[in-house]
$ cat input12.txt   # compact mmCIF, C-alpha atoms
# COMPACT_ATOMS: atom_id res chain seq x y z
CA MET A 1371 0.00 0.00 0.00
CA ASP A 1372 3.00 2.33 0.45
CA GLU A 1373 2.64 3.69 -3.04
CA GLU A 1374 1.65 7.02 -4.47
CA TYR A 1375 -1.80 7.53 -5.99
CA ASP A 1376 -3.44 10.39 -7.84
CA VAL A 1377 -6.60 9.94 -5.80
CA VAL A 1378 -7.60 7.92 -2.74
CA VAL A 1379 -11.36 7.34 -2.52
CA LEU A 1380 -12.80 6.52 0.92
CA GLY A 1381 -16.16 4.78 1.22
CA THR A 1382 -17.89 2.62 -1.41
CA GLY A 1383 -21.21 4.47 -1.48
CA LEU A 1384 -22.85 5.06 -4.86
CA LYS A 1385 -21.35 8.53 -5.32
CA GLU A 1386 -17.84 7.43 -4.39
CA CYS A 1387 -18.03 4.39 -6.68
CA ILE A 1388 -19.21 6.41 -9.65
CA LEU A 1389 -16.42 8.96 -9.13
CA SER A 1390 -13.82 6.24 -8.66
CA GLY A 1391 -14.97 4.70 -11.96
CA LEU A 1392 -14.93 8.01 -13.84
CA LEU A 1393 -11.46 8.92 -12.55
CA SER A 1394 -10.07 5.45 -13.38
CA VAL A 1395 -11.46 5.68 -16.92
CA ASP A 1396 -9.71 9.08 -17.16
CA GLY A 1397 -6.40 7.31 -16.54
CA LEU A 1398 -5.82 8.41 -12.94
CA LYS A 1399 -4.26 5.99 -10.47
CA VAL A 1400 -6.99 5.35 -7.90
CA LEU A 1401 -6.96 3.53 -4.56
CA HIS A 1402 -10.43 2.89 -3.17
CA MET A 1403 -10.85 1.89 0.49
CA ASP A 1404 -13.74 1.28 2.86
CA ARG A 1405 -13.73 0.71 6.63
CA ASN A 1406 -16.63 -1.76 6.24
CA ASP A 1407 -16.33 -5.34 5.03
CA TYR A 1408 -19.13 -4.78 2.50
CA TYR A 1409 -19.72 -2.49 -0.47
CA GLY A 1410 -22.06 0.45 -0.48
CA GLY A 1411 -21.60 2.33 2.81
CA GLU A 1412 -24.87 4.14 3.62
CA SER A 1413 -26.27 3.03 0.25
CA THR A 1414 -25.63 -0.67 0.78
CA SER A 1415 -28.12 -3.44 0.06
CA LEU A 1416 -29.12 -5.85 2.85
CA ASN A 1417 -30.50 -9.38 2.92
CA LEU A 1418 -33.20 -10.22 5.45
CA ILE A 1419 -30.84 -11.36 8.23
CA GLN A 1420 -28.71 -8.21 7.85
CA LEU A 1421 -31.87 -6.08 7.87
CA TRP A 1422 -33.01 -7.78 11.09
CA LYS A 1423 -29.61 -7.24 12.71
CA LYS A 1424 -29.59 -3.56 11.79
CA PHE A 1425 -33.08 -2.69 12.99
CA ARG A 1426 -34.11 -5.43 15.43
CA GLY A 1427 -30.78 -6.43 16.93
CA SER A 1428 -31.34 -10.13 16.26
CA ASP A 1429 -30.43 -12.46 13.42
CA LYS A 1430 -33.64 -14.51 13.45
CA PRO A 1431 -36.21 -13.04 11.05
CA PRO A 1432 -39.59 -14.86 11.03
CA ALA A 1433 -39.67 -17.84 8.69
CA HIS A 1434 -42.90 -16.78 6.91
CA LEU A 1435 -40.98 -13.94 5.19
CA GLY A 1436 -39.06 -16.48 3.09
CA SER A 1437 -35.38 -17.02 2.45
CA SER A 1438 -33.01 -14.29 3.65
CA ARG A 1439 -30.87 -14.39 0.54
CA ASP A 1440 -33.85 -13.68 -1.73
CA TYR A 1441 -33.93 -10.18 -0.25
CA ASN A 1442 -31.83 -7.31 -1.61
CA VAL A 1443 -33.14 -4.32 0.32
CA ASP A 1444 -31.46 -1.10 -0.78
CA MET A 1445 -30.89 1.29 2.10
CA ILE A 1446 -31.02 4.32 -0.19
CA PRO A 1447 -33.44 3.21 -2.91
CA LYS A 1448 -33.57 5.49 -5.95
CA PHE A 1449 -35.07 4.87 -9.37
CA ILE A 1450 -33.04 5.86 -12.42
CA MET A 1451 -34.45 8.14 -15.13
CA ALA A 1452 -34.13 6.12 -18.36
CA ASN A 1453 -32.55 8.98 -20.34
CA GLY A 1454 -31.13 10.82 -17.34
CA ALA A 1455 -27.61 11.85 -16.43
CA LEU A 1456 -26.88 8.72 -14.37
CA VAL A 1457 -27.57 6.40 -17.32
CA ARG A 1458 -25.30 8.60 -19.44
CA VAL A 1459 -22.55 8.34 -16.81
CA LEU A 1460 -22.97 4.55 -16.64
CA ILE A 1461 -22.71 4.29 -20.44
CA HIS A 1462 -19.76 6.70 -20.52
CA THR A 1463 -17.80 4.33 -18.25
CA ASP A 1464 -19.14 1.19 -20.00
CA VAL A 1465 -20.18 -0.20 -16.59
CA THR A 1466 -23.54 -1.08 -18.20
CA LYS A 1467 -22.03 -4.35 -19.39
CA TYR A 1468 -22.13 -5.58 -15.77
CA LEU A 1469 -25.74 -4.55 -15.10
CA TYR A 1470 -29.21 -5.57 -16.22
CA PHE A 1471 -31.95 -2.97 -15.97
CA LYS A 1472 -35.67 -3.43 -16.02
CA ALA A 1473 -38.34 -0.79 -16.55
CA VAL A 1474 -40.32 0.41 -13.51
CA ASP A 1475 -44.09 -0.14 -13.85
CA GLY A 1476 -45.60 3.04 -12.52
CA SER A 1477 -45.15 6.73 -11.71
CA PHE A 1478 -47.89 8.26 -9.58
CA VAL A 1479 -48.69 11.45 -7.72
CA TYR A 1480 -50.80 12.11 -4.61
CA ASN A 1481 -53.48 14.73 -5.13
CA LYS A 1482 -56.45 15.66 -2.91
CA GLY A 1483 -56.28 12.42 -0.95
CA LYS A 1484 -55.98 10.10 -3.98
CA VAL A 1485 -53.19 8.47 -5.99
CA HIS A 1486 -53.15 9.23 -9.74
CA LYS A 1487 -50.90 8.23 -12.64
CA VAL A 1488 -48.66 11.15 -13.59
CA PRO A 1489 -49.75 12.44 -17.04
CA ALA A 1490 -46.62 13.16 -19.09
CA THR A 1491 -47.86 13.95 -22.60
CA ASP A 1492 -50.62 16.02 -24.18
CA MET A 1493 -52.65 12.86 -24.84
CA GLU A 1494 -52.31 11.64 -21.25
CA ALA A 1495 -53.28 15.10 -19.97
CA LEU A 1496 -56.62 14.77 -21.80
CA LYS A 1497 -57.34 11.44 -20.09
CA SER A 1498 -56.19 12.33 -16.58
CA PRO A 1499 -58.75 12.52 -13.75
CA LEU A 1500 -56.42 15.03 -12.06
CA MET A 1501 -58.01 17.87 -14.02
CA GLY A 1502 -61.43 19.10 -15.08
CA ILE A 1503 -62.36 19.41 -18.75
CA PHE A 1504 -61.27 23.05 -19.26
CA GLU A 1505 -58.07 22.62 -17.28
CA LYS A 1506 -57.23 19.57 -19.43
CA ARG A 1507 -57.32 21.71 -22.55
CA ARG A 1508 -55.05 24.34 -21.00
CA ALA A 1509 -52.67 21.64 -19.75
CA ARG A 1510 -52.65 20.00 -23.16
CA LYS A 1511 -51.55 23.28 -24.79
CA PHE A 1512 -48.79 23.66 -22.22
CA PHE A 1513 -47.58 20.05 -22.76
CA ILE A 1514 -47.49 20.60 -26.53
CA TYR A 1515 -45.41 23.78 -26.01
CA VAL A 1516 -42.96 21.82 -23.84
CA GLN A 1517 -42.79 18.85 -26.25
CA ASP A 1518 -42.10 21.16 -29.22
CA TYR A 1519 -39.67 23.43 -27.36
CA ASN A 1520 -36.12 23.32 -28.70
CA GLU A 1521 -33.47 25.51 -27.10
CA ASN A 1522 -31.73 26.06 -30.45
CA GLU A 1523 -34.84 26.89 -32.49
CA PRO A 1524 -36.23 30.30 -31.50
CA LYS A 1525 -39.42 29.73 -33.50
CA THR A 1526 -40.43 27.11 -30.87
CA HIS A 1527 -40.03 29.65 -28.03
CA GLU A 1528 -43.24 31.58 -28.76
CA GLY A 1529 -41.46 34.85 -28.08
CA MET A 1530 -40.31 33.87 -24.56
CA ASP A 1531 -36.71 33.71 -23.37
CA LEU A 1532 -36.86 30.89 -20.84
CA THR A 1533 -33.50 31.86 -19.37
CA ARG A 1534 -35.26 35.00 -18.08
CA VAL A 1535 -38.95 34.15 -17.84
CA THR A 1536 -39.70 32.47 -14.50
CA THR A 1537 -41.60 29.20 -14.26
CA ARG A 1538 -44.42 31.09 -12.53
CA GLU A 1539 -44.69 33.51 -15.48
CA LEU A 1540 -44.61 30.71 -18.06
CA ILE A 1541 -47.36 28.79 -16.26
CA ALA A 1542 -49.46 31.98 -15.89
CA LYS A 1543 -49.38 32.38 -19.67
CA TYR A 1544 -51.19 29.04 -20.00
CA GLY A 1545 -53.57 29.81 -17.11
CA LEU A 1546 -52.89 26.56 -15.23
CA ASP A 1547 -54.31 26.24 -11.72
CA ASP A 1548 -52.29 25.53 -8.57
CA ASN A 1549 -53.35 21.91 -8.52
CA THR A 1550 -51.93 21.29 -12.02
CA VAL A 1551 -48.78 23.27 -11.23
CA ASP A 1552 -48.28 21.06 -8.17
CA PHE A 1553 -48.08 17.78 -10.06
CA ILE A 1554 -46.12 19.26 -12.98
CA GLY A 1555 -43.47 20.79 -10.70
CA HIS A 1556 -43.10 17.91 -8.26
CA ALA A 1557 -44.01 14.70 -10.10
CA LEU A 1558 -42.84 15.55 -13.64
CA ALA A 1559 -40.03 18.07 -13.19
CA LEU A 1560 -39.15 16.42 -9.84
CA HIS A 1561 -38.50 19.66 -7.94
CA ARG A 1562 -38.23 19.04 -4.21
CA ASP A 1563 -39.87 22.29 -3.08
CA ASP A 1564 -41.50 25.34 -4.66
CA ARG A 1565 -38.45 27.57 -5.13
CA TYR A 1566 -38.39 26.67 -8.83
CA LEU A 1567 -41.47 28.84 -9.45
CA ASN A 1568 -39.36 32.00 -9.10
CA GLU A 1569 -36.40 30.63 -11.08
CA PRO A 1570 -35.91 30.70 -14.90
CA ALA A 1571 -38.35 28.29 -16.58
CA LEU A 1572 -35.75 26.66 -18.86
CA GLU A 1573 -34.67 24.16 -16.19
CA THR A 1574 -38.26 23.04 -15.52
CA VAL A 1575 -39.03 22.68 -19.25
CA LYS A 1576 -35.86 20.59 -19.71
CA LYS A 1577 -36.82 18.37 -16.77
CA MET A 1578 -40.32 17.85 -18.19
CA LYS A 1579 -38.82 16.94 -21.57
CA LEU A 1580 -36.43 14.47 -19.91
CA TYR A 1581 -39.38 12.81 -18.17
CA ALA A 1582 -41.38 12.48 -21.40
CA GLU A 1583 -38.38 11.20 -23.42
CA SER A 1584 -37.52 8.68 -20.70
CA LEU A 1585 -41.13 7.51 -20.60
CA ALA A 1586 -41.13 6.92 -24.36
CA ARG A 1587 -37.85 5.01 -24.16
CA PHE A 1588 -39.12 1.73 -22.69
CA GLN A 1589 -42.80 2.13 -23.53
CA GLY A 1590 -43.50 1.23 -19.91
CA GLY A 1591 -45.74 3.00 -17.42
CA SER A 1592 -42.94 5.14 -16.03
CA PRO A 1593 -39.77 6.94 -17.11
CA TYR A 1594 -37.70 4.99 -14.58
CA ILE A 1595 -35.51 1.90 -14.72
CA TYR A 1596 -33.94 -0.11 -11.88
CA PRO A 1597 -31.23 -2.78 -11.86
CA LEU A 1598 -32.24 -6.40 -11.35
CA TYR A 1599 -31.19 -7.32 -7.79
CA GLY A 1600 -31.30 -3.63 -6.83
CA LEU A 1601 -28.77 -0.84 -6.53
CA GLY A 1602 -26.32 -2.97 -4.56
CA GLU A 1603 -25.17 -4.15 -7.99
CA LEU A 1604 -23.85 -0.68 -8.89
CA PRO A 1605 -20.92 -0.36 -6.45
CA GLN A 1606 -19.78 -3.87 -7.32
CA ALA A 1607 -20.01 -3.16 -11.04
CA PHE A 1608 -17.85 -0.05 -10.54
CA ALA A 1609 -15.35 -2.05 -8.50
CA ARG A 1610 -14.99 -4.44 -11.44
CA LEU A 1611 -14.65 -1.55 -13.85
CA SER A 1612 -12.00 0.13 -11.71
CA ALA A 1613 -9.98 -3.10 -11.61
CA VAL A 1614 -10.04 -3.25 -15.42
CA TYR A 1615 -8.40 0.20 -15.46
CA GLY A 1616 -5.81 -0.69 -12.84
CA GLY A 1617 -7.59 0.78 -9.82
CA THR A 1618 -7.25 -0.96 -6.45
CA TYR A 1619 -10.16 -1.74 -4.09
CA MET A 1620 -9.66 -2.59 -0.41
CA LEU A 1621 -12.53 -3.39 1.95
CA ASN A 1622 -12.34 -3.83 5.72
CA LYS A 1623 -9.65 -1.16 6.22
CA PRO A 1624 -10.10 0.27 9.74
CA GLU A 1625 -9.32 3.89 10.68
CA CYS A 1626 -8.58 5.31 7.20
CA LYS A 1627 -7.02 8.45 8.67
CA VAL A 1628 -6.52 11.31 6.23
CA GLU A 1629 -3.07 12.92 6.59
CA PHE A 1630 -2.32 16.60 5.89
CA ASP A 1631 0.93 18.48 5.20
CA ASP A 1632 2.01 21.75 6.88
CA GLU A 1633 -0.10 23.79 4.47
CA GLY A 1634 -3.26 21.83 5.32
CA LYS A 1635 -3.26 20.01 1.99
CA VAL A 1636 -4.01 16.30 1.93
CA CYS A 1637 -0.89 14.15 1.48
CA GLY A 1638 -2.02 10.61 2.19
CA VAL A 1639 -4.29 8.16 3.99
CA THR A 1640 -3.11 5.85 6.78
CA SER A 1641 -4.70 2.53 7.67
CA GLU A 1642 -3.20 -0.24 9.82
CA GLY A 1643 0.14 1.55 10.06
CA GLU A 1644 0.61 1.93 6.29
CA THR A 1645 0.24 5.21 4.44
CA ALA A 1646 -0.85 5.56 0.83
CA LYS A 1647 0.48 8.87 -0.48
CA CYS A 1648 -1.92 10.85 -2.64
CA LYS A 1649 -2.64 14.26 -4.11
CA LYS A 1650 -6.42 14.22 -3.58
CA VAL A 1651 -8.98 12.48 -1.38
CA VAL A 1652 -12.60 11.80 -2.36
CA CYS A 1653 -14.88 10.58 0.44
CA ASP A 1654 -18.31 10.55 2.06
CA PRO A 1655 -18.93 12.82 5.09
CA SER A 1656 -18.19 10.09 7.66
CA TYR A 1657 -14.46 10.03 6.81
CA LEU A 1658 -13.85 13.76 7.43
CA PRO A 1659 -16.43 14.71 10.09
CA ASN A 1660 -14.64 17.97 10.96
CA LYS A 1661 -15.03 19.26 7.37
CA VAL A 1662 -18.83 18.85 7.11
CA ARG A 1663 -21.91 20.30 8.78
CA LYS A 1664 -25.31 18.80 9.51
CA VAL A 1665 -27.97 20.29 7.23
CA GLY A 1666 -31.01 18.18 8.04
CA LYS A 1667 -32.21 14.64 8.48
CA VAL A 1668 -34.21 12.08 6.55
CA ALA A 1669 -37.07 10.12 8.13
CA ARG A 1670 -38.02 6.85 6.48
CA ALA A 1671 -40.00 3.68 6.94
CA ILE A 1672 -39.00 0.39 5.33
CA CYS A 1673 -41.88 -2.03 4.87
CA ILE A 1674 -42.19 -5.63 3.75
CA MET A 1675 -45.61 -6.34 2.19
CA SER A 1676 -47.41 -9.16 0.41
CA HIS A 1677 -49.20 -6.99 -2.17
CA PRO A 1678 -48.57 -4.00 -4.46
CA ILE A 1679 -49.42 -0.47 -3.27
CA PRO A 1680 -53.22 -0.07 -3.73
CA ASN A 1681 -54.50 2.18 -6.56
CA THR A 1682 -51.30 1.86 -8.62
CA ASN A 1683 -52.71 -0.56 -11.26
CA ASP A 1684 -51.03 -3.51 -9.49
CA SER A 1685 -47.59 -2.05 -10.26
CA HIS A 1686 -44.81 -4.36 -9.08
CA SER A 1687 -42.44 -1.40 -9.04
CA VAL A 1688 -43.65 2.16 -8.56
CA GLN A 1689 -42.85 5.65 -7.32
CA VAL A 1690 -45.51 7.86 -5.74
CA ILE A 1691 -44.68 11.50 -5.02
CA LEU A 1692 -46.68 13.36 -2.36
CA PRO A 1693 -46.12 17.09 -3.03
CA GLN A 1694 -45.53 19.23 0.08
CA LYS A 1695 -48.61 21.41 -0.52
CA GLN A 1696 -50.91 18.38 -0.51
CA LEU A 1697 -49.68 17.52 2.99
CA GLY A 1698 -49.19 21.02 4.40
CA ARG A 1699 -45.43 20.37 4.68
CA ARG A 1700 -42.24 22.18 3.72
CA SER A 1701 -40.91 19.28 1.65
CA ASP A 1702 -42.24 16.41 -0.46
CA MET A 1703 -42.77 12.84 0.69
CA TYR A 1704 -41.83 9.86 -1.49
CA LEU A 1705 -43.05 6.27 -1.80
CA PHE A 1706 -40.83 3.69 -3.45
CA CYS A 1707 -41.94 0.13 -4.07
CA CYS A 1708 -40.08 -2.74 -5.67
CA SER A 1709 -40.66 -6.48 -5.60
CA TYR A 1710 -39.75 -9.95 -6.76
CA SER A 1711 -40.09 -8.76 -10.36
CA HIS A 1712 -36.78 -6.88 -9.87
CA ASN A 1713 -35.37 -9.78 -7.79
CA VAL A 1714 -35.21 -7.74 -4.58
CA ALA A 1715 -37.57 -10.01 -2.60
CA PRO A 1716 -38.95 -13.58 -2.74
CA LYS A 1717 -41.96 -14.30 -4.96
CA GLY A 1718 -45.09 -12.56 -3.73
CA LYS A 1719 -43.19 -10.07 -1.52
CA PHE A 1720 -42.88 -6.32 -1.99
CA ILE A 1721 -40.46 -3.84 -0.39
CA ALA A 1722 -41.85 -0.34 0.15
CA PHE A 1723 -40.07 2.77 1.42
CA VAL A 1724 -41.67 5.99 2.65
CA SER A 1725 -39.18 8.84 2.98
CA THR A 1726 -39.12 12.58 3.57
CA GLU A 1727 -36.91 15.37 4.87
CA ALA A 1728 -37.67 15.13 8.62
CA GLU A 1729 -39.43 18.16 10.09
CA THR A 1730 -40.05 16.58 13.53
CA ASP A 1731 -38.49 13.92 15.79
CA GLN A 1732 -41.40 11.52 15.30
CA PRO A 1733 -41.01 9.56 12.06
CA GLU A 1734 -43.98 7.29 12.88
CA ILE A 1735 -46.35 10.27 12.94
CA GLU A 1736 -44.63 12.30 10.24
CA LEU A 1737 -44.66 9.48 7.68
CA LYS A 1738 -48.30 8.57 8.32
CA PRO A 1739 -49.73 10.19 5.13
CA GLY A 1740 -47.43 7.94 3.05
CA LEU A 1741 -47.86 4.83 5.20
CA ASP A 1742 -51.66 5.17 4.97
CA LEU A 1743 -51.40 4.60 1.20
CA LEU A 1744 -49.62 1.23 1.55
CA GLY A 1745 -52.40 -0.97 2.91
CA PRO A 1746 -51.48 -3.83 5.31
CA VAL A 1747 -47.74 -4.37 5.93
CA ASP A 1748 -46.06 -7.56 7.19
CA GLU A 1749 -43.15 -5.75 8.86
CA ILE A 1750 -42.14 -2.12 9.31
CA PHE A 1751 -38.83 -0.50 10.36
CA PHE A 1752 -38.45 3.20 11.15
CA ASP A 1753 -35.17 5.02 10.71
CA VAL A 1754 -33.86 8.59 10.84
CA TYR A 1755 -30.44 9.58 9.52
CA ASP A 1756 -28.59 12.90 9.49
CA ARG A 1757 -27.70 14.68 6.27
CA TYR A 1758 -24.32 16.41 5.95
CA GLU A 1759 -22.71 18.68 3.40
CA PRO A 1760 -19.07 19.74 3.06
CA VAL A 1761 -17.91 23.11 4.43
CA ASN A 1762 -14.26 22.84 3.37
CA GLU A 1763 -12.62 24.63 0.44
CA PRO A 1764 -11.36 21.84 -1.88
CA SER A 1765 -8.96 24.19 -3.70
CA LEU A 1766 -7.10 24.65 -0.39
CA ASP A 1767 -7.09 21.13 1.11
CA ASN A 1768 -7.71 18.86 -1.94
CA CYS A 1769 -10.50 17.03 -0.08
CA PHE A 1770 -13.61 16.38 -2.15
CA ILE A 1771 -16.51 15.34 0.07
CA SER A 1772 -19.91 14.17 -1.18
CA THR A 1773 -23.20 15.39 0.25
CA SER A 1774 -25.35 12.88 2.18
CA TYR A 1775 -28.23 11.25 0.28
CA ASP A 1776 -31.52 13.13 0.34
CA ALA A 1777 -35.04 11.75 0.78
CA THR A 1778 -35.86 11.55 -2.94
CA THR A 1779 -36.58 8.15 -4.49
CA HIS A 1780 -34.98 9.04 -7.82
CA PHE A 1781 -31.38 9.75 -8.80
CA GLU A 1782 -31.63 13.20 -10.30
CA SER A 1783 -30.18 15.18 -7.35
CA THR A 1784 -27.55 12.54 -6.52
CA VAL A 1785 -25.98 12.59 -9.96
CA ILE A 1786 -25.77 16.42 -9.99
CA ASP A 1787 -23.54 16.19 -6.90
CA VAL A 1788 -21.35 13.57 -8.63
CA LEU A 1789 -20.95 15.67 -11.80
CA ASN A 1790 -20.10 18.81 -9.78
CA MET A 1791 -17.51 16.88 -7.78
CA TYR A 1792 -16.03 15.42 -10.97
CA SER A 1793 -15.59 18.94 -12.38
CA MET A 1794 -13.96 20.18 -9.15
CA ILE A 1795 -11.56 17.23 -9.01
CA THR A 1796 -10.54 17.24 -12.70
CA GLY A 1797 -11.23 20.83 -13.78
CA LYS A 1798 -13.31 19.62 -16.73
CA VAL A 1799 -16.94 18.93 -17.52
CA LEU A 1800 -17.94 15.32 -18.17
CA ASP A 1801 -19.13 14.78 -21.74
CA LEU A 1802 -22.53 13.08 -21.48
CA ASN A 1803 -23.23 12.83 -25.21
CA VAL A 1804 -23.40 9.05 -25.45
CA ASP A 1805 -25.36 6.44 -27.36
CA LEU A 1806 -28.27 5.78 -25.00
CA SER A 1807 -29.12 2.47 -26.65
CA ALA A 1808 -26.09 0.96 -24.89
CA ALA A 1809 -28.25 0.55 -21.76
CA SER A 1810 -31.08 -1.32 -23.36
CA ALA A 1811 -30.45 -4.71 -21.73
CA ALA A 1812 -33.43 -3.73 -19.64
CA GLU A 1813 -35.98 -4.77 -22.17
CA GLU A 1814 -36.55 -8.32 -21.03

$ encode --input "input12.txt" --output "structure tokens"
Amino acid sequence: MDEEYDVVVLGTGLKECILSGLLSVDGLKVLHMDRNDYYGGESTSLNLIQLWKKFRGSDKPPAHLGSSRDYNVDMIPKFIMANGALVRVLIHTDVTKYLYFKAVDGSFVYNKGKVHKVPATDMEALKSPLMGIFEKRRARKFFIYVQDYNENEPKTHEGMDLTRVTTRELIAKYGLDDNTVDFIGHALALHRDDRYLNEPALETVKKMKLYAESLARFQGGSPYIYPLYGLGELPQAFARLSAVYGGTYMLNKPECKVEFDDEGKVCGVTSEGETAKCKKVVCDPSYLPNKVRKVGKVARAICIMSHPIPNTNDSHSVQVILPQKQLGRRSDMYLFCCSYSHNVAPKGKFIAFVSTEAETDQPEIELKPGLDLLGPVDEIFFDVYDRYEPVNEPSLDNCFISTSYDATTHFESTVIDVLNMYSMITGKVLDLNVDLSAASAAEE
């Protein structure tokens, strides 16, 4: 281990693994270490016995739940937008050859006490029970504008500069009511709160287009895909990739102490009395606790069920977004459900997550609006974890620290953090113009 590396990566969470893969592909010499004896860190995937140990302190789950090894329960479950940035990153590194994806059945939104399919196109808008007859026509016009919009063709802009016009102003032009704005902003454009309304509309229009294009990609009921056997496959796929490019992975390395020179710049990492010299360190917040601050916490419930979520057309995999306004909250709530059809549970079993940015210290009460939508559950585990973000200046200490995972059940915010970190570490922007068909193994 007493060698010199360009970068030492600490922690095998999803963000760290993706960065390690990108940097290896770029030709940097990477050493990747983790204090745990398993991949994934906070975003690991647990079988039933491991799940029981973590939340119940025993290693004897009830027999009626089936075989432990048939469970792959992701601790940070997030669906992947079929045409989104994460898929582009995966294709860019060619890690897709180690993964099999499968389309996710459904994408729903909670509105006025009911669960509805998210309408994503002008035709779906006309059929959606979310809106009355006149609102449907207005929404249809807005969807057509978004579908036809092309940044490089001013004639599609209808005289509006979306880098200056706010989302609120754009929506006002089409006369859409608050109810419609709510599902467009939160379930289609996937904004996490309502700040976007006062920001330039271009970002929201792009996000809506991404949703519609991703939906068309697999002709399924949602724009999302998910790996067979769950996200736990991703870190391991990146470990394989890194090895192909000469990177080194080491699990079960205690301590992992980051060393600094007299100027406060990182110069190496020490574990078990050996020091790996390096120019830069990439890590999750737990490895450099004095360089991060707590910014919030996530409350979540993990449920094992014997049926799909009611009112989702029997979807075996589904996301339901509960916009903050519908619940009188400051942030959205998310439902994630996956099942034996993605090989994450035994036949007939479903894994559901309810998550949100915690606003109280009582997850059981706070998550109730989401839990009420699930129907009967076989088992339920509650969990709250803190969210951290870096406060250091990477240009001074060469430490690049990821932000903790948020409550969302999709990858869009996670991958933005990865791409920003990549640019800070390398000084360049990752080229995401790739052939998207390279990730089509998903189609059965």

$ residues_near_point --input "input12.txt" --point "(-8.2, -2.8, -1.5)" --cutoff "8 Å" --atoms "all atoms listed in the file" --output "PDB file with C-alpha atoms, keeping the file's coordinate frame"
ATOM      1  CA  LEU A1401      -6.960   3.530  -4.560  1.00  0.00           C
ATOM      2  CA  HIS A1402     -10.430   2.890  -3.170  1.00  0.00           C
ATOM      3  CA  MET A1403     -10.850   1.890   0.490  1.00  0.00           C
ATOM      4  CA  THR A1618      -7.250  -0.960  -6.450  1.00  0.00           C
ATOM      5  CA  TYR A1619     -10.160  -1.740  -4.090  1.00  0.00           C
ATOM      6  CA  MET A1620      -9.660  -2.590  -0.410  1.00  0.00           C
ATOM      7  CA  LEU A1621     -12.530  -3.390   1.950  1.00  0.00           C
TER       8      LEU A1621
END

$ residues_around --input "input12.txt" --residues "Ser1390 (chain A)" --least-positions-apart "3" --cutoff "9 Å" --atoms "only C-alpha atoms" --output "PyMOL selection string"
chain A and resi 1377-1379+1385-1387+1393-1395+1400-1402+1608-1609+1612+1617+1652

$ atom_distance --input "input12.txt" --atom1 "CA of Asn1442 (chain A)" --atom2 "CA of Leu1416 (chain A)"
5.4 Å

$ atom_distance --input "input12.txt" --atom1 "CA of Phe1751 (chain A)" --atom2 "CA of Ala1671 (chain A)"
5.5 Å

$ residues_near_point --input "input12.txt" --point "(-38.8, 27.5, -14.6)" --cutoff "8 Å" --atoms "only C-alpha atoms" --output "list in words"
Leu1532, Val1535, Thr1536, Thr1537, Arg1538, Leu1540, Tyr1566, Leu1567, Asn1568, Glu1569, Pro1570, Ala1571, Leu1572, Glu1573, Thr1574 and Val1575 of chain A

$ atom_distance --input "input12.txt" --atom1 "CA of Leu1435 (chain A)" --atom2 "CA of Leu1744 (chain A)"
17.8 Å

$ closest_atom_pairs --input "input12.txt" --of "region 1665-1715 of chain A" --to "region 1468-1485 of chain A" --cutoff "6 Å" --atoms "only C-alpha atoms" --output "CSV"
residue,atom,partner,partner_atom,distance
A:Ser1685,CA,A:Asp1475,CA,5.4
A:Ser1687,CA,A:Asp1475,CA,5.2
A:Val1688,CA,A:Gly1476,CA,4.5
A:Gln1689,CA,A:Ser1477,CA,5.1
A:Val1690,CA,A:Phe1478,CA,4.5
A:Ile1691,CA,A:Val1479,CA,4.8
A:Leu1692,CA,A:Tyr1480,CA,4.9

$ closest_residue --input "input12.txt" --among "A:Asp1753, A:Asp1404, A:Glu1736, A:Glu1642" --to "Leu1697 (chain A)" --atoms "all atoms listed in the file"
A:Glu1736

$ closest_residue --input "input12.txt" --among "A:Glu1727, A:Glu1749, A:Asp1396, A:Asp1464" --to "Arg1700 (chain A)" --atoms "only C-alpha atoms"
A:Glu1727

$ closest_residue --input "input12.txt" --among "A:Ala1557, A:Leu1392, A:Val1457, A:Ile1721" --to "Ile1795 (chain A)" --atoms "all atoms listed in the file"
A:Leu1392

$ closest_residue --input "input12.txt" --among "A:Gly1600, A:Pro1447, A:Gly1529, A:Pro1693" --to "Phe1723 (chain A)" --atoms "only C-alpha atoms"
A:Pro1447

$ closest_residue --input "input12.txt" --among "A:Ile1750, A:Met1578, A:Leu1456, A:Leu1398" --to "His1556 (chain A)" --atoms "only C-alpha atoms"
A:Met1578

$ closest_residue --input "input12.txt" --among "A:Phe1513, A:Tyr1441, A:Phe1449, A:Tyr1704" --to "Pro1489 (chain A)" --atoms "only C-alpha atoms"
A:Phe1513
